[in-house]
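J.: query.txt is the file, holding compact mmCIF, C-alpha atoms and all ligand atoms:
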```txt
# COMPACT_ATOMS: atom_id res chain seq x y z
CA MET A 167 180.09 64.78 -53.79
CA SER A 168 177.90 61.84 -52.99
CA PHE A 169 179.51 58.58 -51.97
CA PHE A 170 177.66 56.76 -54.75
CA LYS A 171 178.34 59.23 -57.57
CA THR A 172 181.59 58.33 -59.22
CA GLY A 173 181.23 60.42 -62.37
CA ALA A 174 180.87 58.74 -65.72
CA ARG A 175 181.28 55.12 -64.70
CA PRO A 176 178.55 53.01 -63.15
CA PHE A 177 179.01 52.27 -59.45
CA ILE A 178 179.88 48.57 -59.16
CA ILE A 179 179.16 46.44 -56.10
CA ALA A 180 180.31 42.82 -56.26
CA GLY A 181 181.06 39.93 -53.97
CA PRO A 182 179.56 36.64 -52.85
CA CYS A 183 175.94 36.24 -51.83
CA SER A 184 177.18 34.98 -48.44
CA ALA A 185 180.43 35.32 -46.55
CA GLU A 186 180.75 31.53 -46.29
CA THR A 187 184.32 31.19 -45.01
CA LYS A 188 187.28 33.46 -44.38
CA ALA A 189 189.10 31.86 -47.32
CA LEU A 190 186.19 32.42 -49.71
CA VAL A 191 185.86 36.07 -48.70
CA SER A 192 189.53 36.84 -49.17
CA GLU A 193 189.85 34.81 -52.40
CA THR A 194 186.87 36.66 -53.91
CA ALA A 195 188.12 40.05 -52.77
CA ALA A 196 191.60 39.34 -54.19
CA ALA A 197 190.08 38.43 -57.56
CA LEU A 198 187.74 41.43 -57.61
CA LYS A 199 190.35 43.97 -56.57
CA SER A 200 191.64 44.26 -60.15
CA LYS A 201 188.18 44.45 -61.74
CA GLY A 202 187.68 48.03 -60.68
CA ILE A 203 184.76 47.51 -58.32
CA HIS A 204 183.73 50.30 -55.92
CA LEU A 205 182.31 48.22 -53.11
CA PHE A 206 182.71 44.62 -51.92
CA ARG A 207 179.51 42.92 -50.77
CA ALA A 208 178.91 39.79 -48.71
CA GLY A 209 175.89 38.73 -46.69
CA VAL A 210 176.70 37.78 -43.11
CA TRP A 211 173.09 37.44 -41.89
CA LYS A 212 171.10 35.70 -44.60
CA PRO A 213 167.31 36.03 -44.81
CA ARG A 214 166.23 32.51 -45.81
CA THR A 215 162.78 31.66 -47.07
CA ARG A 216 162.64 28.39 -45.11
CA PRO A 217 164.19 27.71 -41.71
CA GLY A 218 166.98 25.22 -41.36
CA SER A 219 169.17 26.43 -44.22
CA PHE A 220 172.48 28.27 -43.94
CA GLU A 221 171.75 31.61 -42.27
CA GLY A 222 175.16 33.25 -42.52
CA LYS A 223 178.16 33.38 -40.23
CA GLY A 224 177.16 36.55 -38.39
CA VAL A 225 179.64 38.60 -36.36
CA GLU A 226 182.53 36.23 -37.05
CA ALA A 227 182.25 37.07 -40.77
CA LEU A 228 182.40 40.81 -40.03
CA GLU A 229 186.01 40.19 -38.99
CA TRP A 230 186.74 38.72 -42.43
CA LEU A 231 185.30 41.82 -44.09
CA ALA A 232 187.36 44.07 -41.85
CA GLU A 233 190.37 42.14 -43.15
CA VAL A 234 189.31 42.70 -46.78
CA LYS A 235 189.42 46.41 -46.03
CA ARG A 236 192.85 46.19 -44.48
CA VAL A 237 194.46 43.83 -46.97
CA TYR A 238 192.85 44.85 -50.28
CA GLY A 239 191.79 48.41 -49.54
CA LEU A 240 188.25 47.68 -50.74
CA GLN A 241 185.27 49.30 -49.05
CA VAL A 242 182.76 46.75 -47.77
CA THR A 243 179.01 46.43 -47.36
CA VAL A 244 176.68 44.00 -45.56
CA GLU A 245 172.92 43.57 -45.25
CA VAL A 246 171.46 44.64 -41.91
CA ALA A 247 168.00 43.57 -40.79
CA GLU A 248 168.06 44.28 -37.04
CA PRO A 249 169.37 47.14 -34.85
CA GLU A 250 171.89 44.64 -33.40
CA HIS A 251 173.23 44.03 -36.91
CA VAL A 252 173.76 47.77 -37.29
CA GLU A 253 175.62 47.95 -34.01
CA ALA A 254 177.90 45.03 -34.89
CA ALA A 255 178.55 46.31 -38.43
CA LEU A 256 179.50 49.77 -37.17
CA LYS A 257 181.78 48.24 -34.54
CA HIS A 258 183.64 46.35 -37.27
CA GLY A 259 184.10 49.38 -39.50
CA ILE A 260 181.73 48.30 -42.30
CA ASP A 261 181.59 51.19 -44.79
CA VAL A 262 178.09 50.89 -46.25
CA LEU A 263 174.92 49.12 -45.07
CA TRP A 264 172.17 47.68 -47.21
CA ILE A 265 168.55 46.89 -46.43
CA GLY A 266 167.25 43.67 -47.97
CA ALA A 267 164.06 43.24 -49.95
CA ARG A 268 162.35 41.32 -47.16
CA THR A 269 163.13 44.06 -44.65
CA ALA A 270 162.21 46.97 -46.91
CA VAL A 271 158.55 45.86 -46.85
CA ASN A 272 158.24 46.52 -43.13
CA PRO A 273 158.09 50.17 -42.01
CA PHE A 274 158.42 49.24 -38.31
CA GLN A 275 161.58 47.23 -38.93
CA VAL A 276 163.08 49.83 -41.24
CA GLN A 277 162.41 52.49 -38.61
CA HIS A 278 164.09 50.39 -35.90
CA ILE A 279 167.17 50.08 -38.13
CA ALA A 280 167.11 53.80 -38.96
CA ASP A 281 166.79 54.65 -35.25
CA ALA A 282 169.89 52.56 -34.54
CA LEU A 283 171.74 54.83 -36.98
CA ARG A 284 170.84 58.17 -35.39
CA GLY A 285 173.93 60.32 -35.16
CA VAL A 286 175.89 58.14 -37.61
CA ASN A 287 176.19 59.24 -41.23
CA ILE A 288 176.99 56.03 -43.11
CA PRO A 289 175.91 55.38 -46.74
CA VAL A 290 172.82 53.15 -46.95
CA MET A 291 171.42 51.23 -49.92
CA VAL A 292 167.77 50.22 -49.86
CA LYS A 293 166.61 47.30 -51.98
CA ASN A 294 163.10 47.40 -53.36
CA PRO A 295 160.47 45.72 -51.17
CA VAL A 296 159.45 42.29 -52.51
CA ASN A 297 156.07 43.65 -53.58
CA PRO A 298 155.89 46.19 -56.42
CA ASP A 299 155.10 49.35 -54.47
CA ALA A 300 157.14 52.46 -55.35
CA ASP A 301 155.70 54.36 -52.34
CA LEU A 302 156.75 51.70 -49.86
CA TRP A 303 160.26 51.67 -51.37
CA LEU A 304 160.48 55.45 -51.22
CA GLY A 305 159.11 55.38 -47.67
CA SER A 306 161.94 53.09 -46.54
CA ILE A 307 164.48 55.39 -48.20
CA GLU A 308 162.96 58.45 -46.53
CA ARG A 309 163.23 56.85 -43.07
CA PHE A 310 167.04 56.94 -43.46
CA GLU A 311 167.07 60.43 -44.93
CA ARG A 312 164.96 61.71 -42.04
CA ILE A 313 167.41 60.55 -39.39
CA GLY A 314 170.19 62.38 -41.25
CA ILE A 315 171.75 59.86 -43.66
CA THR A 316 172.91 61.92 -46.62
CA ASP A 317 174.06 59.14 -48.96
CA VAL A 318 171.17 56.85 -49.79
CA ALA A 319 170.90 54.73 -52.93
CA ALA A 320 168.13 52.43 -54.14
CA ILE A 321 168.70 48.93 -55.51
CA HIS A 322 166.24 47.39 -57.96
CA ARG A 323 166.28 43.59 -57.42
CA GLY A 324 162.92 42.66 -58.92
CA PHE A 325 159.60 41.67 -57.36
CA SER A 326 158.10 38.40 -56.14
CA SER A 327 155.32 36.81 -58.10
CA TYR A 328 153.22 33.78 -57.39
CA GLY A 329 153.63 30.74 -59.58
CA SER A 330 154.34 32.75 -62.69
CA ALA A 331 155.90 31.07 -65.66
CA SER A 332 158.30 34.01 -65.88
CA GLN A 333 161.83 33.44 -67.03
CA TYR A 334 163.02 35.50 -64.03
CA ARG A 335 163.35 34.69 -60.35
CA ASN A 336 162.03 38.15 -59.47
CA LEU A 337 160.08 40.10 -62.10
CA PRO A 338 161.91 43.28 -63.09
CA ASN A 339 158.70 45.34 -63.36
CA TRP A 340 160.72 48.27 -64.73
CA PRO A 341 157.95 50.89 -64.34
CA ILE A 342 158.47 50.76 -60.55
CA PRO A 343 162.17 51.79 -60.47
CA ILE A 344 161.46 54.20 -63.33
CA GLU A 345 158.73 55.80 -61.22
CA LEU A 346 161.19 56.05 -58.32
CA LYS A 347 163.71 57.80 -60.61
CA ARG A 348 161.02 60.16 -61.90
CA ARG A 349 160.03 61.13 -58.38
CA ARG A 350 163.57 61.34 -57.03
CA PRO A 351 165.93 62.22 -59.89
CA ASP A 352 168.64 62.99 -57.32
CA LEU A 353 168.65 59.43 -55.94
CA PRO A 354 171.20 56.96 -57.37
CA VAL A 355 169.34 53.82 -58.46
CA PHE A 356 171.33 50.62 -58.96
CA CYS A 357 170.24 47.32 -60.45
CA ASP A 358 170.85 43.84 -59.04
CA PRO A 359 170.61 41.56 -62.09
CA SER A 360 171.62 38.54 -59.98
CA HIS A 361 168.45 38.51 -57.87
CA ILE A 362 166.25 39.60 -60.80
CA THR A 363 167.33 36.80 -63.11
CA GLY A 364 168.19 34.04 -60.66
CA LYS A 365 170.45 32.53 -63.33
CA ARG A 366 173.93 33.52 -64.34
CA ALA A 367 173.47 33.31 -68.10
CA ALA A 368 170.88 36.10 -67.99
CA VAL A 369 172.88 38.46 -65.77
CA PRO A 370 174.76 40.37 -68.55
CA ASP A 371 171.56 41.16 -70.49
CA ILE A 372 169.78 42.65 -67.51
CA ALA A 373 172.93 44.54 -66.51
CA GLN A 374 173.05 46.09 -70.01
CA LYS A 375 169.33 46.85 -69.96
CA ALA A 376 169.74 48.67 -66.64
CA MET A 377 172.56 50.75 -68.13
CA ASP A 378 170.44 51.55 -71.19
CA MET A 379 167.68 52.75 -68.91
CA GLY A 380 169.99 55.13 -67.06
CA PHE A 381 170.61 53.22 -63.82
CA GLU A 382 173.68 54.49 -61.99
CA GLY A 383 175.20 51.20 -60.89
CA LEU A 384 175.07 47.43 -60.53
CA MET A 385 175.20 44.96 -57.65
CA ILE A 386 176.33 41.58 -58.96
CA GLU A 387 176.87 38.41 -56.92
CA THR A 388 180.31 37.01 -57.57
CA HIS A 389 181.80 33.73 -56.34
CA PRO A 390 185.01 31.95 -57.41
CA ASN A 391 183.15 28.64 -57.68
CA PRO A 392 179.48 29.58 -58.12
CA ASP A 393 178.13 26.04 -58.38
CA ALA A 394 179.49 25.26 -54.92
CA ALA A 395 177.98 28.40 -53.31
CA MET A 396 175.96 27.82 -50.13
CA THR A 397 173.33 30.36 -51.22
CA ASP A 398 172.09 31.53 -54.64
CA ALA A 399 174.43 29.18 -56.53
CA ALA A 400 172.59 29.42 -59.85
CA GLN A 401 172.91 33.18 -60.16
CA GLN A 402 176.47 33.91 -59.04
CA ILE A 403 179.19 34.55 -61.61
CA THR A 404 182.96 34.22 -61.33
CA PRO A 405 185.15 37.30 -60.88
CA ASP A 406 186.48 36.73 -64.43
CA ALA A 407 182.94 36.63 -65.81
CA LEU A 408 182.27 39.88 -63.97
CA GLY A 409 185.38 41.42 -65.51
CA GLU A 410 184.18 40.39 -68.96
CA LEU A 411 180.66 41.66 -68.29
CA LEU A 412 182.01 45.05 -67.19
CA GLN A 413 184.28 45.29 -70.21
CA LYS A 414 181.43 44.56 -72.63
CA LEU A 415 178.99 46.91 -70.93
CA VAL A 416 177.98 49.74 -73.25
CA ILE A 417 177.50 52.95 -71.34
CA ARG A 418 175.44 55.37 -73.39
CA GLY A 419 174.80 59.06 -72.96
CA GLN A 420 176.63 59.86 -69.79
CA HIS A 421 175.44 63.46 -69.73
CA ALA A 422 172.79 64.04 -67.12
CA ALA A 423 170.42 65.60 -69.66
CA THR A 424 170.61 62.59 -71.94
CA GLY A 425 170.23 60.22 -68.99
CA ASN A 426 167.14 62.02 -67.73
CA MET A 427 165.64 62.17 -71.19
CA ARG A 428 166.19 58.44 -71.59
CA VAL A 429 164.42 57.83 -68.31
CA ASP A 430 161.58 60.14 -69.38
CA LEU A 431 161.24 58.33 -72.69
CA GLU A 432 161.16 54.94 -70.99
CA TYR A 433 158.62 56.21 -68.49
CA LEU A 434 156.37 57.60 -71.22
CA ARG A 435 156.59 54.38 -73.19
CA GLN A 436 155.66 52.32 -70.16
CA GLN A 437 152.60 54.54 -69.70
CA MET A 438 151.76 54.19 -73.38
CA ASP A 439 152.00 50.40 -73.08
CA SER A 440 149.46 50.38 -70.29
CA VAL A 441 147.10 52.77 -72.12
CA ASP A 442 147.26 50.49 -75.18
CA ALA A 443 146.48 47.48 -73.01
CA GLU A 444 143.41 49.34 -71.72
CA ILE A 445 142.33 50.24 -75.27
CA ILE A 446 142.45 46.60 -76.31
CA ASP A 447 140.57 45.46 -73.20
CA LEU A 448 137.91 48.11 -73.88
CA LEU A 449 137.60 47.04 -77.52
CA ALA A 450 137.05 43.48 -76.33
CA ARG A 451 134.32 44.71 -73.97
CA ARG A 452 132.71 46.73 -76.75
CA MET A 453 132.65 43.67 -78.97
CA GLU A 454 130.95 41.66 -76.23
CA LEU A 455 128.25 44.33 -76.01
CA SER A 456 127.87 44.22 -79.80
CA GLU A 457 127.29 40.51 -79.66
CA LYS A 458 124.64 40.87 -76.96
CA ILE A 459 122.95 43.54 -79.12
CA GLY A 460 123.17 41.11 -82.04
CA LEU A 461 121.24 38.51 -80.04
CA VAL A 462 118.51 41.05 -79.22
CA LYS A 463 118.32 42.09 -82.88
CA LYS A 464 117.93 38.47 -83.85
CA GLU A 465 115.15 38.01 -81.28
CA CYS A 466 113.34 41.13 -82.63
CA ASN A 467 114.02 40.26 -86.24
CA MET A 468 115.92 43.51 -86.84
CA THR A 469 118.67 44.19 -89.38
CA ALA A 470 122.27 44.29 -88.11
CA TYR A 471 122.95 47.64 -89.74
CA GLN A 472 120.83 50.46 -88.33
CA PRO A 473 121.57 53.73 -90.24
CA GLU A 474 120.07 55.96 -87.52
CA ARG A 475 122.25 54.43 -84.83
CA TRP A 476 125.37 54.67 -87.00
CA ARG A 477 124.69 58.37 -87.68
CA GLU A 478 124.27 58.93 -83.94
CA ILE A 479 127.58 57.14 -83.18
CA VAL A 480 129.48 59.26 -85.71
CA GLU A 481 127.95 62.47 -84.33
CA THR A 482 128.46 61.82 -80.62
CA ARG A 483 131.93 60.24 -80.91
CA GLY A 484 132.98 62.99 -83.32
CA ALA A 485 131.87 65.70 -80.89
CA ARG A 486 133.69 64.06 -78.00
CA ALA A 487 136.85 63.63 -80.04
CA GLU A 488 136.82 67.30 -81.05
CA LYS A 489 136.75 68.31 -77.39
CA HIS A 490 140.10 66.50 -77.04
CA SER A 491 141.41 68.14 -80.23
CA LEU A 492 141.36 64.81 -82.06
CA SER A 493 140.58 65.18 -85.74
CA LEU A 494 137.05 64.25 -86.83
CA GLU A 495 138.42 62.49 -89.87
CA PHE A 496 140.62 60.23 -87.72
CA ILE A 497 137.81 59.31 -85.32
CA VAL A 498 135.32 58.62 -88.12
CA ALA A 499 137.85 56.39 -89.88
CA LEU A 500 138.57 54.55 -86.61
CA TYR A 501 134.85 54.07 -85.87
CA GLU A 502 134.22 52.83 -89.40
CA GLN A 503 136.64 50.00 -88.64
CA ILE A 504 135.14 49.29 -85.23
CA HIS A 505 131.56 49.47 -86.53
CA HIS A 506 132.40 47.28 -89.49
CA GLN A 507 133.76 44.63 -87.13
CA SER A 508 130.62 44.84 -84.93
CA ILE A 509 128.34 44.42 -87.91
CA ARG A 510 130.30 41.40 -89.10
CA ARG A 511 129.90 39.75 -85.68
CA GLN A 512 126.19 40.58 -85.59
CA LEU A 513 125.65 39.18 -89.09
CA GLU A 514 127.21 35.92 -87.95
CA ILE A 515 124.80 35.88 -85.00
CA LEU A 516 121.76 36.65 -87.18
CA GLN A 517 122.77 33.83 -89.50
CA SER A 518 123.44 31.30 -86.74
CA ASP A 519 120.66 28.99 -85.54
CA ALA A 520 118.54 29.43 -82.48
CA GLN A 521 121.05 28.14 -79.93
CA ASN A 522 122.27 31.65 -79.07
CA ARG A 523 118.92 33.12 -78.11
CA VAL A 524 118.81 35.71 -75.39
CA LYS A 525 117.96 34.20 -72.05
CA ASN A 526 115.97 36.31 -69.64
C1 LIG A 601 171.25 39.40 -51.19
O1 LIG A 601 171.63 40.44 -51.74
O2 LIG A 601 171.96 38.40 -51.06
C2 LIG A 601 169.84 39.32 -50.78
C3 LIG A 601 169.43 38.50 -49.82
O3 LIG A 601 169.09 40.12 -51.51
P1 LIG A 601 167.51 40.46 -51.51
O4 LIG A 601 167.23 41.18 -50.25
O5 LIG A 601 167.41 41.31 -52.73
O6 LIG A 601 166.76 39.15 -51.65
MN MN A 602 171.82 36.40 -52.76
```
Would it be possible to restate this file's structure as structure tokens?
Ligand code: PEP
Ligand code: MN
T.:
Amino acid sequence: MSFFKTGARPFIIAGPCSAETKALVSETAAALKSKGIHLFRAGVWKPRTRPGSFEGKGVEALEWLAEVKRVYGLQVTVEVAEPEHVEAALKHGIDVLWIGARTAVNPFQVQHIADALRGVNIPVMVKNPVNPDADLWLGSIERFERIGITDVAAIHRGFSSYGSASQYRNLPNWPIPIELKRRRPDLPVFCDPSHITGKRAAVPDIAQKAMDMGFEGLMIETHPNPDAAMTDAAQQITPDALGELLQKLVIRGQHAATGNMRVDLEYLRQQMDSVDAEIIDLLARRMELSEKIGLVKKECNMTAYQPERWREIVETRGARAEKHSLSLEFIVALYEQIHHQSIRRQLEILQSDAQNRVKN
């Protein structure tokens, strides 16, 4: 039985973004104990975007987590980003390690961390790299599997984007974790709605969406007084809010077959969405060509409708469609619409004044 597979229920990881003080860690753990979580999280080495901000309490905070284990009987996890972090975490009896998004992008660093774990079989969770690359994510996971770690899970925490007007801190880009699930159906994949959304009000929706898409668990940042948090204040929720979120969570189709089918369906739909986007882009390109042809026709004083050309289009497109087992009737009807639209555009061009003449 895998460490991360708890049967029907999603695997729940909760705790503060950072282990800020001993009191905060134990207060949060006490409040979460009754919420039925599986693993208590807290960052002790914090990867900060800019220098000079709070970077975690380090080894001192590992002692506080060891106490959470002793006093509340909760298993604990921390982020490790250096071999020395691994060594210190193991020394303090940390139960599970996680690799952060900024570390998962770097194969050298991931390998250094994996090497520090040789001969130790501790569960490891690997967050997605900040850039949307399913191979790179899988590569980081495989580095732990190769040195003998048998319990590895992936955590989807969204992807960085530049200056986007997105409503999320990190774009979910669902096709990436879905691709990971398709390639590794055996791998538990969790979702971190806190880092995806960046704001607490949106956390429950993303948590539910992840459940609906067949994710196996959730990592949710939880703080007794979120607004006063030293890191990620806007996205943390209180232990009570977590309790409510978990209670309201609808878990559908817990049978593996249903779960896999749901993932398949989502995967196919994502592919269909991108094919449709291509179709529309191609139609736009075709219309641009039509307009250029319209300008030439105007220059040569030709009619917009050319029966010979239309017959040729129907014949060649029909033949191609039949090769793909598409019905001739369907393709002709589709091309009638497309051709009709082209002719309309060309008529507008023929009727416009000379300003649109073809330039050599
Ligand atoms: C975190 O979990 O607090 C964290 C730093 O996450 P990420 O690596 O996803 O940014
Ligand atoms: Mn955080």
J.: Might I get the box with edges along x, y and z of the file that holds all atoms of ligand LIG 601 (chain A) listed there, padded by 8 Å on every side, given as centre and edge lengths in Å to one decimal, as lines of an AutoDock Vina configuration file?
T.:
```
center_x = 169.4
center_y = 39.9
center_z = -51.3
size_x = 21.2
size_y = 18.9
size_z = 18.9
```
J.: Residues within 12 Å of Lys199 in chain A, please, as an MDAnalysis selection string. Count all atoms listed in the file; anything in the same chain fewer than 5 positions from it doesn't count.
T.: chainID A and resid 178:181 192:194 204:206 234:235 237:242 405:406 408:409
J.: Neighbours of ligand MN 602 (chain A) at 8 Å or closer, counting all atoms listed in the file: which residues, as a VMD selection string?
T.: chain A and resid 182 to 184 209 360 to 361 387 397 to 398
J.: Residues within 10 Å of ligand LIG 601 (chain A), counting all atoms listed in the file: report them as a tab-separated table (two decimals) with C-alpha atoms, keeping the file's coordinate frame.
T.:
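See selection_5.tsv below for the written result:
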```tsv
chain	number	residue	atom	x	y	z
A	181	GLY	CA	181.06	39.93	-53.97
A	182	PRO	CA	179.56	36.64	-52.85
A	183	CYS	CA	175.94	36.24	-51.83
A	184	SER	CA	177.18	34.98	-48.44
A	207	ARG	CA	179.51	42.92	-50.77
A	208	ALA	CA	178.91	39.79	-48.71
A	209	GLY	CA	175.89	38.73	-46.69
A	210	VAL	CA	176.70	37.78	-43.11
A	211	TRP	CA	173.09	37.44	-41.89
A	212	LYS	CA	171.10	35.70	-44.60
A	213	PRO	CA	167.31	36.03	-44.81
A	214	ARG	CA	166.23	32.51	-45.81
A	215	THR	CA	162.78	31.66	-47.07
A	244	VAL	CA	176.68	44.00	-45.56
A	245	GLU	CA	172.92	43.57	-45.25
A	246	VAL	CA	171.46	44.64	-41.91
A	247	ALA	CA	168.00	43.57	-40.79
A	264	TRP	CA	172.17	47.68	-47.21
A	265	ILE	CA	168.55	46.89	-46.43
A	266	GLY	CA	167.25	43.67	-47.97
A	267	ALA	CA	164.06	43.24	-49.95
A	268	ARG	CA	162.35	41.32	-47.16
A	269	THR	CA	163.13	44.06	-44.65
A	270	ALA	CA	162.21	46.97	-46.91
A	292	VAL	CA	167.77	50.22	-49.86
A	293	LYS	CA	166.61	47.30	-51.98
A	294	ASN	CA	163.10	47.40	-53.36
A	295	PRO	CA	160.47	45.72	-51.17
A	296	VAL	CA	159.45	42.29	-52.51
A	321	ILE	CA	168.70	48.93	-55.51
A	322	HIS	CA	166.24	47.39	-57.96
A	323	ARG	CA	166.28	43.59	-57.42
A	324	GLY	CA	162.92	42.66	-58.92
A	325	PHE	CA	159.60	41.67	-57.36
A	326	SER	CA	158.10	38.40	-56.14
A	336	ASN	CA	162.03	38.15	-59.47
A	358	ASP	CA	170.85	43.84	-59.04
A	359	PRO	CA	170.61	41.56	-62.09
A	360	SER	CA	171.62	38.54	-59.98
A	361	HIS	CA	168.45	38.51	-57.87
A	362	ILE	CA	166.25	39.60	-60.80
A	385	MET	CA	175.20	44.96	-57.65
A	386	ILE	CA	176.33	41.58	-58.96
A	387	GLU	CA	176.87	38.41	-56.92
A	397	THR	CA	173.33	30.36	-51.22
A	398	ASP	CA	172.09	31.53	-54.64
```
J.: Can you tell me how far CA of Glu221 in chain A sits from CA of Pro370 in chain A, in Å to one decimal?
T.: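 Separating CA of Glu221 in chain A from CA of Pro370 in chain A is a distance of 27.9 Å.
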J.: Which residues are close to Asp281 in chain A, i.e. within 12 Å by all atoms listed in the file, leaving aside same-chain residues fewer than 2 positions away? Reply as a list of chain:residue names.
T.: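 These residues fall inside the cut-off: A:Glu248, A:Pro249, A:Glu250, A:Val252, A:Glu253, A:Pro273, A:Phe274, A:Gln275, A:Val276, A:Gln277, A:His278, A:Ile279, A:Leu283, A:Arg284, A:Gly285, A:Val286, A:Arg309, A:Phe310, A:Glu311, A:Arg312, A:Ile313, A:Gly314, A:Ile315.
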J.: In file coordinates, which residues lie within 12 Å of (122.3, 42.5, -87.6) using all atoms listed in the file, given as JSON, numbers by chain?
T.: {"A": [456, 457, 458, 459, 460, 461, 462, 463, 464, 465, 466, 467, 468, 469, 470, 471, 472, 473, 505, 506, 507, 508, 509, 510, 511, 512, 513, 514, 515, 516, 517, 518]}
